[in-house]
2 protein chains.
Amino acid sequence: MEIANFVKEKRKSVRLTQPELAEKAGVGLRFIRELEQGKQSLRLDKVNQVIQLFGYEVGAVKKKPTTYL
Amino acid sequence: MEIANFVKEKRKSVRLTQPELAEKAGVGLRFIRELEQGKQSLRLDKVNQVIQLFGYEVGAVKKKPTTYL
DNA sequence: TATATTTGTACCCAAAAGGGTATATAAAAA
DNA sequence: TTTTTATATACCCTTTTGGGTACAAATATA
């Protein structure tokens, strides 16, 4: 799953609003919003600040071989 | 494995120098160096440009539960 | 429906990323 | 060892991030 939806789902599963998650993660509200909307050019350390709250960290994962056509 | 060493090992396994990898990934040489040295505040999209060459992408991975002491 | 809550978009601005490049250091080869 | 190759550090500069904030749009609740 893309990080965007991963964060959104995790956040909802623990019933937090975006402002609450921003607060807990120590990032700005704007960042949470851009993150959940899939902005690609976010800073790695900031993303880590957020997902570590859920026990995750950013890492390299194998891409699924795509089926063409 | 941290992304830093992941990139370094993958790069060496295919016998590329840092300038060559930078060229192929379409990022600056400086970026490859900071990446392999573990700089935390890199941009996600740039990291993706690099590791997708090896068939990987950035994603959320579970942190190993740490043993304290 | 109306009202409250949550989420998305737009603006300004300081701080930082990252490209290019030159130089220094380290490692490998002759 | 000397010579070549590879990697690390430092500087200048432009572009972009991300914080703060205000407002709009969407969603949920009464």
# chains A, B, ... in the order shown; residues from 1 in each chain; ligands from 1
>>> residues_around(residues="D:DC13", least_positions_apart="3", cutoff="12 Å", atoms="only C-alpha atoms (C1' of nucleotides)", output="list in words")
DA17, DG18, DG19, DG20 and DT21 of chain C
>>> select_by_dssp(residues="stretch 2-55 of chain A", states="alpha helix (DSSP H)", output="ChimeraX atom specification")
/A:3-13,18-25,29-36,44-51
>>> calpha_fit_rmsd(fixed="chain A", moving="chain B")
0.1 Å
>>> closest_residue(among="B:Ala4, B:Leu29, B:Leu35, B:Ala60", to="chain A", atoms="only C-alpha atoms")
B:Ala60
>>> residues_around(residues="B:Glu2", least_positions_apart="4", cutoff="9 Å", atoms="only C-alpha atoms (C1' of nucleotides)", output="count of residues only")
6
>>> residues_around(residues="D:DA30", least_positions_apart="5", cutoff="12 Å", atoms="only C-alpha atoms (C1' of nucleotides)", output="number ranges by chain")
C: 1-4
>>> closest_residue(among="A:Lys12, A:Lys64, A:Lys39, A:Arg30", to="chain D", atoms="only C-alpha atoms (C1' of nucleotides)")
A:Arg30
>>> atom_distance(atom1="atom C1' of D:DT3", atom2="atom C1' of C:DT25")
15.5 Å
>>> residues_around(residues="D:DG18", least_positions_apart="5", cutoff="12 Å", atoms="only C-alpha atoms (C1' of nucleotides)", output="ChimeraX atom specification")
/A:27-35,41-43,46 /C:13-16
>>> write_last_selection(atoms="N, CA, C and O atoms (P, O5', C5', C4', C3', O3' and C1' of nucleotides)", output="mmCIF file, in the first residue's frame")
data_model
loop_
_atom_site.group_PDB
_atom_site.id
_atom_site.type_symbol
_atom_site.label_atom_id
_atom_site.label_comp_id
_atom_site.auth_asym_id
_atom_site.auth_seq_id
_atom_site.Cartn_x
_atom_site.Cartn_y
_atom_site.Cartn_z
ATOM 1 N N VAL A 27 4.893 17.219 13.791
ATOM 2 C CA VAL A 27 5.003 17.849 12.476
ATOM 3 C C VAL A 27 3.836 18.795 12.293
ATOM 4 O O VAL A 27 2.896 18.800 13.085
ATOM 5 N N GLY A 28 3.886 19.567 11.252
ATOM 6 C CA GLY A 28 2.816 20.525 11.015
ATOM 7 C C GLY A 28 1.583 19.834 10.436
ATOM 8 O O GLY A 28 1.666 18.769 9.847
ATOM 9 N N LEU A 29 0.463 20.483 10.615
ATOM 10 C CA LEU A 29 -0.779 19.949 10.069
ATOM 11 C C LEU A 29 -0.705 19.854 8.555
ATOM 12 O O LEU A 29 -1.175 18.889 7.946
ATOM 13 N N ARG A 30 -0.095 20.836 7.971
ATOM 14 C CA ARG A 30 0.035 20.836 6.513
ATOM 15 C C ARG A 30 0.747 19.588 6.012
ATOM 16 O O ARG A 30 0.411 19.012 4.971
ATOM 17 N N PHE A 31 1.751 19.192 6.784
ATOM 18 C CA PHE A 31 2.509 18.014 6.382
ATOM 19 C C PHE A 31 1.639 16.759 6.369
ATOM 20 O O PHE A 31 1.675 15.973 5.422
ATOM 21 N N ILE A 32 0.854 16.574 7.419
ATOM 22 C CA ILE A 32 -0.039 15.410 7.477
ATOM 23 C C ILE A 32 -0.979 15.396 6.285
ATOM 24 O O ILE A 32 -1.221 14.362 5.659
ATOM 25 N N ARG A 33 -1.474 16.576 5.956
ATOM 26 C CA ARG A 33 -2.415 16.639 4.840
ATOM 27 C C ARG A 33 -1.747 16.271 3.529
ATOM 28 O O ARG A 33 -2.274 15.480 2.751
ATOM 29 N N GLU A 34 -0.565 16.836 3.293
ATOM 30 C CA GLU A 34 0.146 16.510 2.058
ATOM 31 C C GLU A 34 0.532 15.029 2.031
ATOM 32 O O GLU A 34 0.487 14.390 0.975
ATOM 33 N N LEU A 35 0.890 14.518 3.178
ATOM 34 C CA LEU A 35 1.264 13.102 3.258
ATOM 35 C C LEU A 35 0.090 12.206 2.879
ATOM 36 O O LEU A 35 0.226 11.304 2.043
ATOM 37 N N SER A 41 7.159 14.355 -2.820
ATOM 38 C CA SER A 41 8.454 14.975 -2.531
ATOM 39 C C SER A 41 8.640 15.329 -1.063
ATOM 40 O O SER A 41 9.379 16.243 -0.730
ATOM 41 N N LEU A 42 7.982 14.594 -0.201
ATOM 42 C CA LEU A 42 8.109 14.857 1.227
ATOM 43 C C LEU A 42 9.478 14.436 1.740
ATOM 44 O O LEU A 42 10.149 13.621 1.127
ATOM 45 N N ARG A 43 9.807 14.981 2.884
ATOM 46 C CA ARG A 43 11.092 14.614 3.486
ATOM 47 C C ARG A 43 10.957 13.303 4.252
ATOM 48 O O ARG A 43 10.013 13.094 5.011
ATOM 49 N N LYS A 46 10.609 13.361 8.120
ATOM 50 C CA LYS A 46 9.287 13.772 8.590
ATOM 51 C C LYS A 46 8.302 12.623 8.468
ATOM 52 O O LYS A 46 7.480 12.393 9.348
ATOM 53 P P DC C 13 5.884 37.665 3.019
ATOM 54 O "O5'" DC C 13 6.821 36.587 3.733
ATOM 55 C "C5'" DC C 13 6.573 36.231 5.083
ATOM 56 C "C4'" DC C 13 7.504 35.105 5.509
ATOM 57 C "C3'" DC C 13 8.951 35.269 5.037
ATOM 58 O "O3'" DC C 13 9.824 35.004 6.118
ATOM 59 C "C1'" DC C 13 8.148 33.135 4.467
ATOM 60 P P DA C 14 11.284 35.681 6.148
ATOM 61 O "O5'" DA C 14 12.102 34.660 7.050
ATOM 62 C "C5'" DA C 14 11.521 34.194 8.271
ATOM 63 C "C4'" DA C 14 11.871 32.737 8.500
ATOM 64 C "C3'" DA C 14 13.362 32.435 8.463
ATOM 65 O "O3'" DA C 14 13.671 31.510 9.501
ATOM 66 C "C1'" DA C 14 12.249 31.140 6.829
ATOM 67 P P DA C 15 15.217 31.060 9.715
ATOM 68 O "O5'" DA C 15 15.237 29.604 9.059
ATOM 69 C "C5'" DA C 15 14.300 28.644 9.503
ATOM 70 C "C4'" DA C 15 14.479 27.363 8.726
ATOM 71 C "C3'" DA C 15 15.924 26.878 8.621
ATOM 72 O "O3'" DA C 15 15.973 25.489 8.894
ATOM 73 C "C1'" DA C 15 14.978 27.090 6.458
ATOM 74 P P DA C 16 17.377 24.725 8.961
ATOM 75 O "O5'" DA C 16 17.314 23.763 7.684
ATOM 76 C "C5'" DA C 16 16.123 23.052 7.406
ATOM 77 C "C4'" DA C 16 16.149 22.542 5.987
ATOM 78 C "C3'" DA C 16 17.454 21.857 5.601
ATOM 79 O "O3'" DA C 16 17.171 20.539 5.161
ATOM 80 C "C1'" DA C 16 16.776 23.427 3.943
#
>>> select_by_dssp(residues="chain B", states="strand (DSSP E)", output="ChimeraX atom specification")
/B:56-62
>>> interface_residues(of="chain D", to="chain B", cutoff="9 Å", atoms="only C-alpha atoms (C1' of nucleotides)", output="count of residues only")
3
>>> residues_around(residues="C:DC12", least_positions_apart="4", cutoff="12 Å", atoms="only C-alpha atoms (C1' of nucleotides)", output="PyMOL selection string")
chain D and resi 19-22
>>> closest_residue(among="A:Arg15, A:Lys24, A:Lys63, A:Lys10", to="chain B", atoms="only C-alpha atoms")
A:Lys63
>>> closest_residue(among="A:Val61, A:Ala22, A:Leu16, A:Leu53", to="B:Ile3", atoms="only C-alpha atoms")
A:Val61
>>> atom_distance(atom1="atom CA of A:Val47", atom2="atom CA of B:Ser13")
28.7 Å
>>> atom_distance(atom1="atom C1' of C:DA28", atom2="atom CA of B:Glu36")
20.1 Å
>>> residues_around(residues="B:Ala25", least_positions_apart="3", cutoff="6 Å", atoms="only C-alpha atoms (C1' of nucleotides)", output="compact mmCIF listing (two decimals) with N, CA, C and O atoms, in the first residue's frame")
# COMPACT_ATOMS: atom_id res chain seq x y z
N LEU B 21 25.68 5.76 -11.00
CA LEU B 21 24.34 5.57 -10.45
C LEU B 21 23.54 6.87 -10.49
O LEU B 21 22.36 6.88 -10.84
N ALA B 22 24.22 7.96 -10.16
CA ALA B 22 23.56 9.27 -10.21
C ALA B 22 23.02 9.54 -11.61
O ALA B 22 21.88 9.95 -11.79
N GLN B 49 13.57 7.47 -7.07
CA GLN B 49 14.23 7.47 -8.37
C GLN B 49 15.42 6.52 -8.38
O GLN B 49 15.71 5.89 -9.39
N VAL B 50 16.09 6.47 -7.24
CA VAL B 50 17.29 5.64 -7.17
C VAL B 50 16.95 4.17 -7.00
O VAL B 50 17.37 3.33 -7.79
>>> interface_residues(of="chain C", to="chain A", cutoff="10 Å", atoms="only C-alpha atoms (C1' of nucleotides)", output="short mmCIF file (atom, residue, chain, number, x, y, z; two decimals) with N, CA, C and O atoms (P, O5', C5', C4', C3', O3' and C1' of nucleotides), in the first residue's frame")
data_model
loop_
_atom_site.label_atom_id
_atom_site.label_comp_id
_atom_site.auth_asym_id
_atom_site.auth_seq_id
_atom_site.Cartn_x
_atom_site.Cartn_y
_atom_site.Cartn_z
P DT C 5 -18.22 20.36 17.23
"O5'" DT C 5 -17.41 19.45 16.19
"C5'" DT C 5 -17.89 18.14 15.88
"C4'" DT C 5 -17.20 17.61 14.65
"C3'" DT C 5 -15.67 17.74 14.66
"O3'" DT C 5 -15.12 16.45 14.57
"C1'" DT C 5 -16.59 18.40 12.57
P DT C 6 -13.52 16.19 14.73
"O5'" DT C 6 -13.07 15.99 13.20
"C5'" DT C 6 -13.81 15.11 12.38
"C4'" DT C 6 -13.43 15.30 10.93
"C3'" DT C 6 -11.91 15.38 10.66
"O3'" DT C 6 -11.55 14.31 9.81
"C1'" DT C 6 -13.09 17.05 9.48
P DT C 7 -10.03 14.10 9.36
"O5'" DT C 7 -10.03 14.84 7.94
"C5'" DT C 7 -10.95 14.42 6.95
"C4'" DT C 7 -10.85 15.30 5.73
"C3'" DT C 7 -9.44 15.44 5.14
"O3'" DT C 7 -9.50 15.17 3.75
"C1'" DT C 7 -10.44 17.56 5.41
P DG C 8 -8.15 15.26 2.86
"O5'" DG C 8 -8.34 16.63 2.06
"C5'" DG C 8 -9.42 16.74 1.13
"C4'" DG C 8 -9.37 18.09 0.41
"C3'" DG C 8 -8.04 18.41 -0.27
"O3'" DG C 8 -8.29 18.96 -1.56
"C1'" DG C 8 -8.59 20.13 1.26
P DA C 17 18.30 19.56 4.59
"O5'" DA C 17 17.81 19.37 3.09
"C5'" DA C 17 16.46 19.01 2.84
"C4'" DA C 17 16.20 18.94 1.35
"C3'" DA C 17 17.16 18.04 0.59
"O3'" DA C 17 16.45 17.38 -0.45
"C1'" DA C 17 17.39 20.28 -0.15
#
